[in-house]
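K.L.:
What follows is the file protein21.pdb, containing PDB, C-alpha atoms:
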ATOM      1  CA  VAL Z   1     106.191  97.860  87.906
ATOM      2  CA  THR Z   2     106.948 101.432  86.806
ATOM      3  CA  ALA Z   3     110.524 101.170  85.545
ATOM      4  CA  VAL Z   4     110.669 103.590  82.625
ATOM      5  CA  MET Z   5     113.009 106.563  82.937
ATOM      6  CA  GLY Z   6     111.872 110.145  83.396
ATOM      7  CA  MET Z   7     108.659 112.153  83.412
ATOM      8  CA  VAL Z   8     107.168 109.731  80.857
ATOM      9  CA  GLY Z   9     106.401 107.383  83.773
ATOM     10  CA  LEU Z  10     103.781 109.683  85.299
ATOM     11  CA  LYS Z  11     100.729 108.895  83.150
ATOM     12  CA  PRO Z  12     101.178 105.079  83.124
ATOM     13  CA  THR Z  13     101.609 105.088  86.919
ATOM     14  CA  LEU Z  14      98.377 107.044  87.337
ATOM     15  CA  ALA Z  15      96.677 104.562  84.973
ATOM     16  CA  ALA Z  16      97.910 101.636  87.080
ATOM     17  CA  ILE Z  17      96.621 103.320  90.235
ATOM     18  CA  ASP Z  18      93.248 103.953  88.592
ATOM     19  CA  ALA Z  19      93.137 100.246  87.675
ATOM     20  CA  GLY Z  20      93.649  99.350  91.347
ATOM     21  CA  LYS Z  21      97.083  97.804  90.838
ATOM     22  CA  ARG Z  22      99.701  97.786  93.567
ATOM     23  CA  VAL Z  23     102.638  99.731  92.110
ATOM     24  CA  ALA Z  24     106.307  98.770  92.477
ATOM     25  CA  LEU Z  25     107.814 102.198  91.799
ATOM     26  CA  ALA Z  26     111.268 102.433  90.225
ATOM     27  CA  ASN Z  27     110.511 105.739  88.496
ATOM     28  CA  LYS Z  28     111.268 108.535  90.973
ATOM     29  CA  GLU Z  29     110.265 111.299  88.539
ATOM     30  CA  THR Z  30     106.594 110.317  88.947
ATOM     31  CA  LEU Z  31     106.628 111.459  92.585
ATOM     32  CA  VAL Z  32     109.133 114.262  92.018
ATOM     33  CA  CYS Z  33     106.904 115.979  89.462
ATOM     34  CA  ALA Z  34     103.433 115.135  90.764
ATOM     35  CA  GLY Z  35     103.843 113.542  94.191
ATOM     36  CA  ASP Z  36     100.846 115.278  95.772
ATOM     37  CA  LEU Z  37      98.538 114.182  92.953
ATOM     38  CA  VAL Z  38      99.893 110.631  92.727
ATOM     39  CA  MET Z  39      99.787 109.912  96.464
ATOM     40  CA  ALA Z  40      96.299 111.436  96.785
ATOM     41  CA  ARG Z  41      95.094 109.265  93.894
ATOM     42  CA  ALA Z  42      96.688 106.172  95.502
ATOM     43  CA  ARG Z  43      95.001 106.880  98.842
ATOM     44  CA  ALA Z  44      91.646 107.457  97.156
ATOM     45  CA  ARG Z  45      91.898 104.146  95.252
ATOM     46  CA  GLY Z  46      93.330 102.210  98.223
ATOM     47  CA  VAL Z  47      96.469 101.425  96.199
ATOM     48  CA  GLU Z  48      99.793 100.610  97.823
ATOM     49  CA  ILE Z  49     103.030 102.018  96.359
ATOM     50  CA  VAL Z  50     106.105  99.922  97.158
ATOM     51  CA  PRO Z  51     109.446 101.599  96.371
ATOM     52  CA  VAL Z  52     112.132  99.857  94.316
ATOM     53  CA  ASP Z  53     115.021 102.328  94.815
ATOM     54  CA  SER Z  54     117.508 100.808  97.271
ATOM     55  CA  GLU Z  55     117.344 103.834  99.591
ATOM     56  CA  HIS Z  56     113.556 104.030  99.662
ATOM     57  CA  SER Z  57     113.263 100.281 100.013
ATOM     58  CA  ALA Z  58     115.547 100.567 103.038
ATOM     59  CA  ILE Z  59     113.335 103.252 104.594
ATOM     60  CA  PHE Z  60     110.245 101.188 103.767
ATOM     61  CA  GLN Z  61     111.780  98.178 105.532
ATOM     62  CA  CYS Z  62     112.860 100.222 108.556
ATOM     63  CA  LEU Z  63     109.284 101.446 108.948
ATOM     64  CA  MET Z  64     107.663  98.015 108.607
ATOM     65  CA  GLY Z  65     107.464  97.566 112.384
ATOM     66  CA  SER Z  66     106.247 101.100 113.144
ATOM     67  CA  LYS Z  67     102.504 101.343 113.746
ATOM     68  CA  ASP Z  68     102.312 105.111 114.341
ATOM     69  CA  PRO Z  69     103.602 107.611 111.714
ATOM     70  CA  SER Z  70     104.217 110.171 114.472
ATOM     71  CA  GLU Z  71     107.020 107.935 115.806
ATOM     72  CA  LEU Z  72     109.180 108.905 112.805
ATOM     73  CA  GLU Z  73     111.636 111.642 113.792
ATOM     74  CA  LYS Z  74     114.017 111.734 110.822
ATOM     75  CA  ILE Z  75     114.951 109.918 107.616
ATOM     76  CA  LEU Z  76     118.686 109.536 107.009
ATOM     77  CA  LEU Z  77     119.052 109.114 103.247
ATOM     78  CA  THR Z  78     122.415 107.657 102.278
ATOM     79  CA  CYS Z  79     124.352 108.753  99.195
ATOM     80  CA  SER Z  80     127.456 107.136  97.713
ATOM     81  CA  GLY Z  81     128.814 110.540  96.690
ATOM     82  CA  GLY Z  82     129.295 109.350  93.111
ATOM     83  CA  PRO Z  83     132.596 109.420  91.203
ATOM     84  CA  PHE Z  84     133.399 113.038  92.143
ATOM     85  CA  PHE Z  85     133.215 112.881  95.926
ATOM     86  CA  GLY Z  86     135.709 115.311  97.459
ATOM     87  CA  LYS Z  87     136.091 117.456  94.343
ATOM     88  CA  LYS Z  88     135.430 121.213  94.392
ATOM     89  CA  ALA Z  89     133.263 123.202  91.979
ATOM     90  CA  GLU Z  90     136.212 124.405  89.877
ATOM     91  CA  GLN Z  91     137.453 120.825  89.432
ATOM     92  CA  LEU Z  92     134.018 119.669  88.295
ATOM     93  CA  GLU Z  93     134.080 122.155  85.425
ATOM     94  CA  LYS Z  94     136.741 120.005  83.711
ATOM     95  CA  VAL Z  95     135.432 116.461  84.210
ATOM     96  CA  THR Z  96     134.618 114.339  81.156
ATOM     97  CA  LYS Z  97     131.635 112.180  80.260
ATOM     98  CA  ALA Z  98     133.758 109.074  80.807
ATOM     99  CA  ASP Z  99     134.649 110.326  84.302
ATOM    100  CA  ALA Z 100     131.004 111.006  85.152
ATOM    101  CA  LEU Z 101     129.873 107.575  83.966
ATOM    102  CA  ARG Z 102     132.367 105.778  86.226
ATOM    103  CA  HIS Z 103     130.215 105.162  89.305
ATOM    104  CA  PRO Z 104     132.165 103.593  92.198
ATOM    105  CA  ASN Z 105     129.517 101.138  93.453
ATOM    106  CA  TRP Z 106     126.566 100.685  91.096
ATOM    107  CA  SER Z 107     126.100  99.710  87.453
ATOM    108  CA  MET Z 108     123.200 101.811  86.163
ATOM    109  CA  GLY Z 109     121.892 103.491  83.022
ATOM    110  CA  ALA Z 110     123.679 106.567  81.697
ATOM    111  CA  LYS Z 111     121.127 109.162  82.817
ATOM    112  CA  ILE Z 112     120.894 108.044  86.452
ATOM    113  CA  THR Z 113     124.692 107.636  86.583
ATOM    114  CA  ILE Z 114     125.139 111.281  85.548
ATOM    115  CA  ASP Z 115     122.503 112.306  88.100
ATOM    116  CA  SER Z 116     124.476 110.392  90.728
ATOM    117  CA  ALA Z 117     127.651 112.213  89.702
ATOM    118  CA  SER Z 118     125.956 115.633  90.085
ATOM    119  CA  LEU Z 119     124.031 114.493  93.227
ATOM    120  CA  MET Z 120     120.798 115.480  91.474
ATOM    121  CA  ASN Z 121     119.728 111.867  91.890
ATOM    122  CA  LYS Z 122     119.911 112.278  95.653
ATOM    123  CA  GLY Z 123     117.957 115.515  95.432
ATOM    124  CA  LEU Z 124     115.226 113.730  93.473
ATOM    125  CA  GLU Z 125     115.215 110.985  96.101
ATOM    126  CA  VAL Z 126     114.739 113.574  98.863
ATOM    127  CA  ILE Z 127     111.608 114.830  97.081
ATOM    128  CA  GLU Z 128     110.422 111.265  96.508
ATOM    129  CA  ALA Z 129     110.870 110.416 100.203
ATOM    130  CA  MET Z 130     108.798 113.455 101.234
ATOM    131  CA  HIS Z 131     105.844 112.070  99.277
ATOM    132  CA  LEU Z 132     106.297 108.363  99.991
ATOM    133  CA  TYR Z 133     106.536 108.842 103.747
ATOM    134  CA  ASP Z 134     104.574 112.101 104.133
ATOM    135  CA  VAL Z 135     107.386 113.989 105.862
ATOM    136  CA  PRO Z 136     108.569 117.600 105.477
ATOM    137  CA  LEU Z 137     111.997 118.442 104.059
ATOM    138  CA  GLU Z 138     113.249 119.293 107.556
ATOM    139  CA  LYS Z 139     112.896 115.641 108.574
ATOM    140  CA  ILE Z 140     115.191 114.322 105.824
ATOM    141  CA  GLN Z 141     118.991 114.386 106.101
ATOM    142  CA  VAL Z 142     121.325 113.341 103.295
ATOM    143  CA  VAL Z 143     124.534 111.636 104.442
ATOM    144  CA  ILE Z 144     127.416 110.525 102.222
ATOM    145  CA  HIS Z 145     128.156 106.839 102.722
ATOM    146  CA  ARG Z 146     130.828 105.750 100.269
ATOM    147  CA  GLN Z 147     130.531 102.013 100.939
ATOM    148  CA  SER Z 148     126.838 101.744  99.853
ATOM    149  CA  ILE Z 149     126.214  99.069 102.473
ATOM    150  CA  VAL Z 150     123.864 101.016 104.747
ATOM    151  CA  HIS Z 151     121.094 101.777 102.258
ATOM    152  CA  SER Z 152     119.307 104.272 104.523
ATOM    153  CA  LEU Z 153     118.276 104.762 108.142
ATOM    154  CA  VAL Z 154     115.293 105.974 110.154
ATOM    155  CA  GLU Z 155     115.470 107.756 113.490
ATOM    156  CA  PHE Z 156     112.474 107.492 115.833
ATOM    157  CA  THR Z 157     111.238 109.922 118.462
ATOM    158  CA  ASP Z 158     112.882 107.980 121.296
ATOM    159  CA  GLY Z 159     116.316 108.267 119.621
ATOM    160  CA  ALA Z 160     116.440 104.699 118.302
ATOM    161  CA  VAL Z 161     117.901 104.440 114.794
ATOM    162  CA  MET Z 162     116.986 101.590 112.455
ATOM    163  CA  ALA Z 163     119.117 100.832 109.391
ATOM    164  CA  GLN Z 164     118.866  98.394 106.489
ATOM    165  CA  LEU Z 165     122.199  96.934 105.406
ATOM    166  CA  GLY Z 166     123.055  94.759 102.445
ATOM    167  CA  THR Z 167     125.423  94.315  99.538
ATOM    168  CA  PRO Z 168     125.049  96.966  96.779
ATOM    169  CA  ASP Z 169     122.897  94.699  94.603
ATOM    170  CA  MET Z 170     119.581  95.909  93.148
ATOM    171  CA  ARG Z 171     118.187  92.366  93.089
ATOM    172  CA  LEU Z 172     117.431  92.739  96.813
ATOM    173  CA  PRO Z 173     115.058  95.770  96.708
ATOM    174  CA  ILE Z 174     113.565  94.735  93.339
ATOM    175  CA  GLN Z 175     112.684  91.286  94.650
ATOM    176  CA  LEU Z 176     111.149  92.668  97.850
ATOM    177  CA  ALA Z 177     108.989  95.101  95.872
ATOM    178  CA  LEU Z 178     107.708  92.179  93.766
ATOM    179  CA  THR Z 179     107.118  89.714  96.617
ATOM    180  CA  TYR Z 180     106.082  92.054  99.474
ATOM    181  CA  PRO Z 181     104.922  91.310 102.129
ATOM    182  CA  GLN Z 182     106.792  88.019 101.713
ATOM    183  CA  ARG Z 183     110.572  87.614 101.774
ATOM    184  CA  LEU Z 184     111.895  84.855  99.523
ATOM    185  CA  PRO Z 185     115.403  83.423  99.024
ATOM    186  CA  SER Z 186     117.497  85.667  96.790
ATOM    187  CA  PRO Z 187     120.385  84.933  94.406
ATOM    188  CA  ALA Z 188     122.124  88.151  95.538
ATOM    189  CA  PRO Z 189     125.289  87.742  97.636
ATOM    190  CA  LYS Z 190     124.823  87.976 101.394
ATOM    191  CA  LEU Z 191     126.523  90.717 103.421
ATOM    192  CA  ASN Z 192     129.503  89.492 105.456
ATOM    193  CA  LEU Z 193     130.168  91.927 108.297
ATOM    194  CA  LEU Z 194     133.588  90.381 108.924
ATOM    195  CA  THR Z 195     134.872  91.236 105.445
ATOM    196  CA  CYS Z 196     132.971  94.424 104.570
ATOM    197  CA  PRO Z 197     134.874  97.729 104.782
ATOM    198  CA  PRO Z 198     134.461 100.197 107.674
ATOM    199  CA  LEU Z 199     131.193 102.133 107.449
ATOM    200  CA  GLU Z 200     131.770 105.891 107.208
ATOM    201  CA  PHE Z 201     129.434 108.887 106.896
ATOM    202  CA  GLN Z 202     130.055 112.488 105.811
ATOM    203  CA  GLU Z 203     128.046 115.614 105.068
ATOM    204  CA  PRO Z 204     127.431 116.477 101.373
ATOM    205  CA  ASP Z 205     129.149 119.545  99.885
ATOM    206  CA  LEU Z 206     126.265 121.680  98.612
ATOM    207  CA  GLU Z 207     128.585 124.308  97.107
ATOM    208  CA  ALA Z 208     130.417 121.813  94.916
ATOM    209  CA  PHE Z 209     127.178 119.988  94.075
ATOM    210  CA  PRO Z 210     124.524 122.687  93.586
ATOM    211  CA  CYS Z 211     122.071 120.241  91.990
ATOM    212  CA  LEU Z 212     121.369 118.752  95.421
ATOM    213  CA  ALA Z 213     120.926 122.242  96.888
ATOM    214  CA  MET Z 214     118.526 123.232  94.080
ATOM    215  CA  ALA Z 215     116.493 120.061  94.544
ATOM    216  CA  MET Z 216     116.097 120.804  98.242
ATOM    217  CA  GLU Z 217     115.152 124.387  97.384
ATOM    218  CA  ALA Z 218     112.486 123.149  94.942
ATOM    219  CA  ALA Z 219     111.247 120.633  97.513
ATOM    220  CA  LYS Z 220     110.787 123.390 100.071
ATOM    221  CA  LYS Z 221     109.039 125.659  97.551
ATOM    222  CA  GLY Z 222     106.648 122.958  96.338
ATOM    223  CA  GLY Z 223     104.070 123.643  93.653
ATOM    224  CA  ASN Z 224     105.427 123.089  90.150
ATOM    225  CA  ALA Z 225     109.058 123.797  91.154
ATOM    226  CA  CYS Z 226     110.023 120.109  91.299
ATOM    227  CA  ALA Z 227     108.519 119.441  87.854
ATOM    228  CA  VAL Z 228     110.557 122.362  86.472
ATOM    229  CA  LEU Z 229     113.699 121.074  88.202
ATOM    230  CA  ASN Z 230     113.255 117.574  86.784
ATOM    231  CA  GLY Z 231     112.350 118.622  83.234
ATOM    232  CA  ALA Z 232     115.304 120.991  83.028
ATOM    233  CA  ASN Z 233     117.673 118.365  84.377
ATOM    234  CA  GLU Z 234     116.493 115.688  81.924
ATOM    235  CA  VAL Z 235     117.270 117.952  78.964
ATOM    236  CA  ALA Z 236     120.589 119.171  80.407
ATOM    237  CA  VAL Z 237     121.809 115.632  81.138
ATOM    238  CA  ALA Z 238     120.826 114.471  77.649
ATOM    239  CA  ALA Z 239     122.816 117.378  76.189
ATOM    240  CA  PHE Z 240     125.834 116.459  78.315
ATOM    241  CA  LEU Z 241     125.649 112.829  77.192
ATOM    242  CA  GLU Z 242     125.567 114.076  73.590
ATOM    243  CA  ASP Z 243     128.708 116.199  74.240
ATOM    244  CA  ARG Z 244     126.819 119.457  73.616
ATOM    245  CA  ILE Z 245     127.484 120.962  77.071
ATOM    246  CA  THR Z 246     130.000 120.497  79.890
ATOM    247  CA  PHE Z 247     129.235 118.822  83.206
ATOM    248  CA  GLY Z 248     129.463 122.191  84.960
ATOM    249  CA  GLN Z 249     126.715 123.600  82.749
ATOM    250  CA  ILE Z 250     124.100 121.133  84.004
ATOM    251  CA  PRO Z 251     123.337 122.982  87.273
ATOM    252  CA  LYS Z 252     123.504 126.370  85.520
ATOM    253  CA  LEU Z 253     120.846 125.312  83.008
ATOM    254  CA  VAL Z 254     118.632 123.891  85.758
ATOM    255  CA  ARG Z 255     119.018 127.173  87.662
ATOM    256  CA  HIS Z 256     117.981 129.099  84.547
ATOM    257  CA  ALA Z 257     114.777 127.065  84.238
ATOM    258  CA  LEU Z 258     113.899 127.478  87.911
ATOM    259  CA  ASP Z 259     114.387 131.224  87.587
ATOM    260  CA  THR Z 260     112.372 131.675  84.373
ATOM    261  CA  VAL Z 261     109.421 129.247  84.405
ATOM    262  CA  PRO Z 262     106.505 130.866  86.290
ATOM    263  CA  PHE Z 263     105.830 129.370  89.730
ATOM    264  CA  LEU Z 264     102.441 127.741  90.367
ATOM    265  CA  PRO Z 265     101.685 126.948  94.034
ATOM    266  CA  LYS Z 266      98.942 124.313  93.439
ATOM    267  CA  PRO Z 267      99.213 122.955  89.892
ATOM    268  CA  ASP Z 268      96.859 120.353  88.454
ATOM    269  CA  LEU Z 269      98.096 117.534  86.207
ATOM    270  CA  GLU Z 270      97.905 119.570  82.999
ATOM    271  CA  GLN Z 271      99.785 122.467  84.614
ATOM    272  CA  ILE Z 272     102.492 120.072  85.803
ATOM    273  CA  LEU Z 273     102.892 118.679  82.294
ATOM    274  CA  ASP Z 274     102.985 122.242  80.920
ATOM    275  CA  SER Z 275     105.614 123.273  83.491
ATOM    276  CA  ASP Z 276     107.727 120.303  82.432
ATOM    277  CA  ARG Z 277     107.426 121.398  78.779
ATOM    278  CA  LYS Z 278     108.350 125.006  79.589
ATOM    279  CA  ALA Z 279     111.368 123.889  81.617
ATOM    280  CA  ARG Z 280     112.613 121.795  78.713
ATOM    281  CA  GLU Z 281     112.130 124.700  76.315
ATOM    282  CA  ALA Z 282     113.984 127.065  78.679
ATOM    283  CA  VAL Z 283     117.017 124.752  78.766
ATOM    284  CA  THR Z 284     116.938 123.965  75.033
ATOM    285  CA  GLY Z 285     116.938 127.692  74.272
ATOM    286  CA  LYS Z 286     120.167 128.175  76.250
ATOM    287  CA  ILE Z 287     122.147 125.282  74.749
TER     288      ILE Z 287
END
Any chance you could put this one into structure tokens?

P.N.:
Amino acid sequence: VTAVMGMVGLKPTLAAIDAGKRVALANKETLVCAGDLVMARARARGVEIVPVDSEHSAIFQCLMGSKDPSELEKILLTCSGGPFFGKKAEQLEKVTKADALRHPNWSMGAKITIDSASLMNKGLEVIEAMHLYDVPLEKIQVVIHRQSIVHSLVEFTDGAVMAQLGTPDMRLPIQLALTYPQRLPSPAPKLNLLTCPPLEFQEPDLEAFPCLAMAMEAAKKGGNACAVLNGANEVAVAAFLEDRITFGQIPKLVRHALDTVPFLPKPDLEQILDSDRKAREAVTGKI
């Protein structure tokens, strides 16, 4: 189980793959920063990677019955919208750390909660999905789903859409990742369709939440861009949690790193680690 936070999860995950272990992946940064290398290594070693994130677990489950990868038309990646859904960019300049840490549906660590507030977390999940399911950016659509009951959906070439629903409880995807391919009884509460709220979906506001837009830009660019994006964001979020910058400065610092760290189209592992270091230095120098 790779459950450490951040880029630090990359080397241990590669070590587990090299040891022939099936990996339950709860560390999205591993695939964000080095997805091409990690997935190639897993294929070469015959290692299976089972996602732990609720959204990627949902996609994984929706694809369990599909025998042909070409049947996949589109991944619909759900997003709660975080605590600032509906706010505009100028309003987000004034939000506090306490506001950002008040997630409406999930109880998580501070870093991922801030990423959820900025929608960077969803951007990182887009990149992760591209590698896990070998799909281009154009086949992934982010949809805001405030209720966090539909954990993600998959559309197939014939127009059929499969969804995985459940209560917003991480015990469900964690348990499946540990017991797969078996399903065992779970202590998590069952979903009651008669009492759950109406299920609604909206489009994300990329102007108010530029972190999601930058993540999609980095995903499209490829190379070391995603490693730069992630490294810059880790430092910026840490600075925000230490009250050294405002919430609105997070995307500006990430933008600075993307604009200043040299782009490498086909980086090796050492170049990825170096790009991460340079991104962190670029942000630190602006704080």

K.L.:
Excluding Pro136 (chain Z) and any residue of its chain fewer than 3 positions from it, enumerate the residues within 12 Å of it, using only C-alpha atoms, and give them as a list in words.

P.N.:
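Non-adjacent residues within range: Leu72, Glu73, Lys74, Ile75, Val126, Ile127, Glu128, Ala129, Met130, His131, Leu132, Tyr133, Lys139, Ile140, Gln141, Met216, Ala219, Lys220, Lys221 and Gly222 of chain Z.
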
K.L.:
Could you write out that same residue set with C-alpha atoms as a JSON list (two decimals), in the frame of the given file?

P.N.:
[["chain", "number", "residue", "atom", "x", "y", "z"],
["Z", 72, "LEU", "CA", 109.18, 108.90, 112.80],
["Z", 73, "GLU", "CA", 111.64, 111.64, 113.79],
["Z", 74, "LYS", "CA", 114.02, 111.73, 110.82],
["Z", 75, "ILE", "CA", 114.95, 109.92, 107.62],
["Z", 126, "VAL", "CA", 114.74, 113.57, 98.86],
["Z", 127, "ILE", "CA", 111.61, 114.83, 97.08],
["Z", 128, "GLU", "CA", 110.42, 111.26, 96.51],
["Z", 129, "ALA", "CA", 110.87, 110.42, 100.20],
["Z", 130, "MET", "CA", 108.80, 113.46, 101.23],
["Z", 131, "HIS", "CA", 105.84, 112.07, 99.28],
["Z", 132, "LEU", "CA", 106.30, 108.36, 99.99],
["Z", 133, "TYR", "CA", 106.54, 108.84, 103.75],
["Z", 139, "LYS", "CA", 112.90, 115.64, 108.57],
["Z", 140, "ILE", "CA", 115.19, 114.32, 105.82],
["Z", 141, "GLN", "CA", 118.99, 114.39, 106.10],
["Z", 216, "MET", "CA", 116.10, 120.80, 98.24],
["Z", 219, "ALA", "CA", 111.25, 120.63, 97.51],
["Z", 220, "LYS", "CA", 110.79, 123.39, 100.07],
["Z", 221, "LYS", "CA", 109.04, 125.66, 97.55],
["Z", 222, "GLY", "CA", 106.65, 122.96, 96.34]]

K.L.:
Name all residues at most 12 Å from region 199-210 of chain Z (count all atoms listed in the file; drop same-chain ones fewer than 4 positions away) and give them as a PyMOL selection string.

P.N.:
chain Z and resi 76-82+84-93+115-123+141-153+165+193+195+214-217+247-255

K.L.:
Name every residue that the PyMOL selection byres ((chain Z and resi 15-32) around 7) selects in this structure, writing the answer as a PyMOL selection string with chains first and numbers rising.

P.N.:
chain Z and resi 1-7+9-14+33-35+38+42+45+47-53+124-125+127-128+131+177-178+226-227

K.L.:
How many Å lie between CA of Asp268 (chain Z) and CA of Thr284 (chain Z), rounded to one decimal?

P.N.:
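According to the coordinates, CA of Asp268 (chain Z) and CA of Thr284 (chain Z) are separated by 24.4 Å.
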
K.L.:
Mind pulling up the distance from CA of Ile114 (chain Z) to CA of Lys190 (chain Z)?

P.N.:
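Rounded to one decimal, the two atoms are 28.2 Å apart.
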
K.L.:
Work out how far CA of Met64 (chain Z) is from CA of Asp158 (chain Z), in Å to one decimal.

P.N.:
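Atom-to-atom, CA of Asp158 (chain Z) to CA of Met64 (chain Z), that is 17.0 Å.
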
K.L.:
With distances taken over only C-alpha atoms, which of Z:Asp243, Z:Glu234, Z:Asp274, Z:Asp259 is nearest to Ile112 (chain Z)?

P.N.:
Z:Glu234

K.L.:
Using the chain letters and numbers from the file, give me the residues hit by the PyMOL selection byres ((chain Z and resi 257) around 8), as a list in words.

P.N.:
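For this structure, the PyMOL selection byres ((chain Z and resi 257) around 8) captures Val228, Leu229, Ala232, Leu253, Val254, Arg255, His256, Leu258, Asp259, Thr260, Val261, Ala279, Arg280, Ala282 and Val283 of chain Z.
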
K.L.:
Find the smallest box with edges along x, y and z containing every listed atom of region 131-134 of chain Z, then add 8 Å on each side and report centre and edge lengths in Å to one decimal, as AutoDock Vina command-line options.

P.N.:
--center_x 105.6 --center_y 110.2 --center_z 101.7 --size_x 18.0 --size_y 19.7 --size_z 20.9

K.L.:
Measuring between all atoms listed in the file, which one of Z:Ala58, Z:Met39, Z:Cys211, Z:Val235 shows the shortest distance to Gly166 (chain Z)?

P.N.:
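So, comparing all the options, the nearest one is Z:Ala58.
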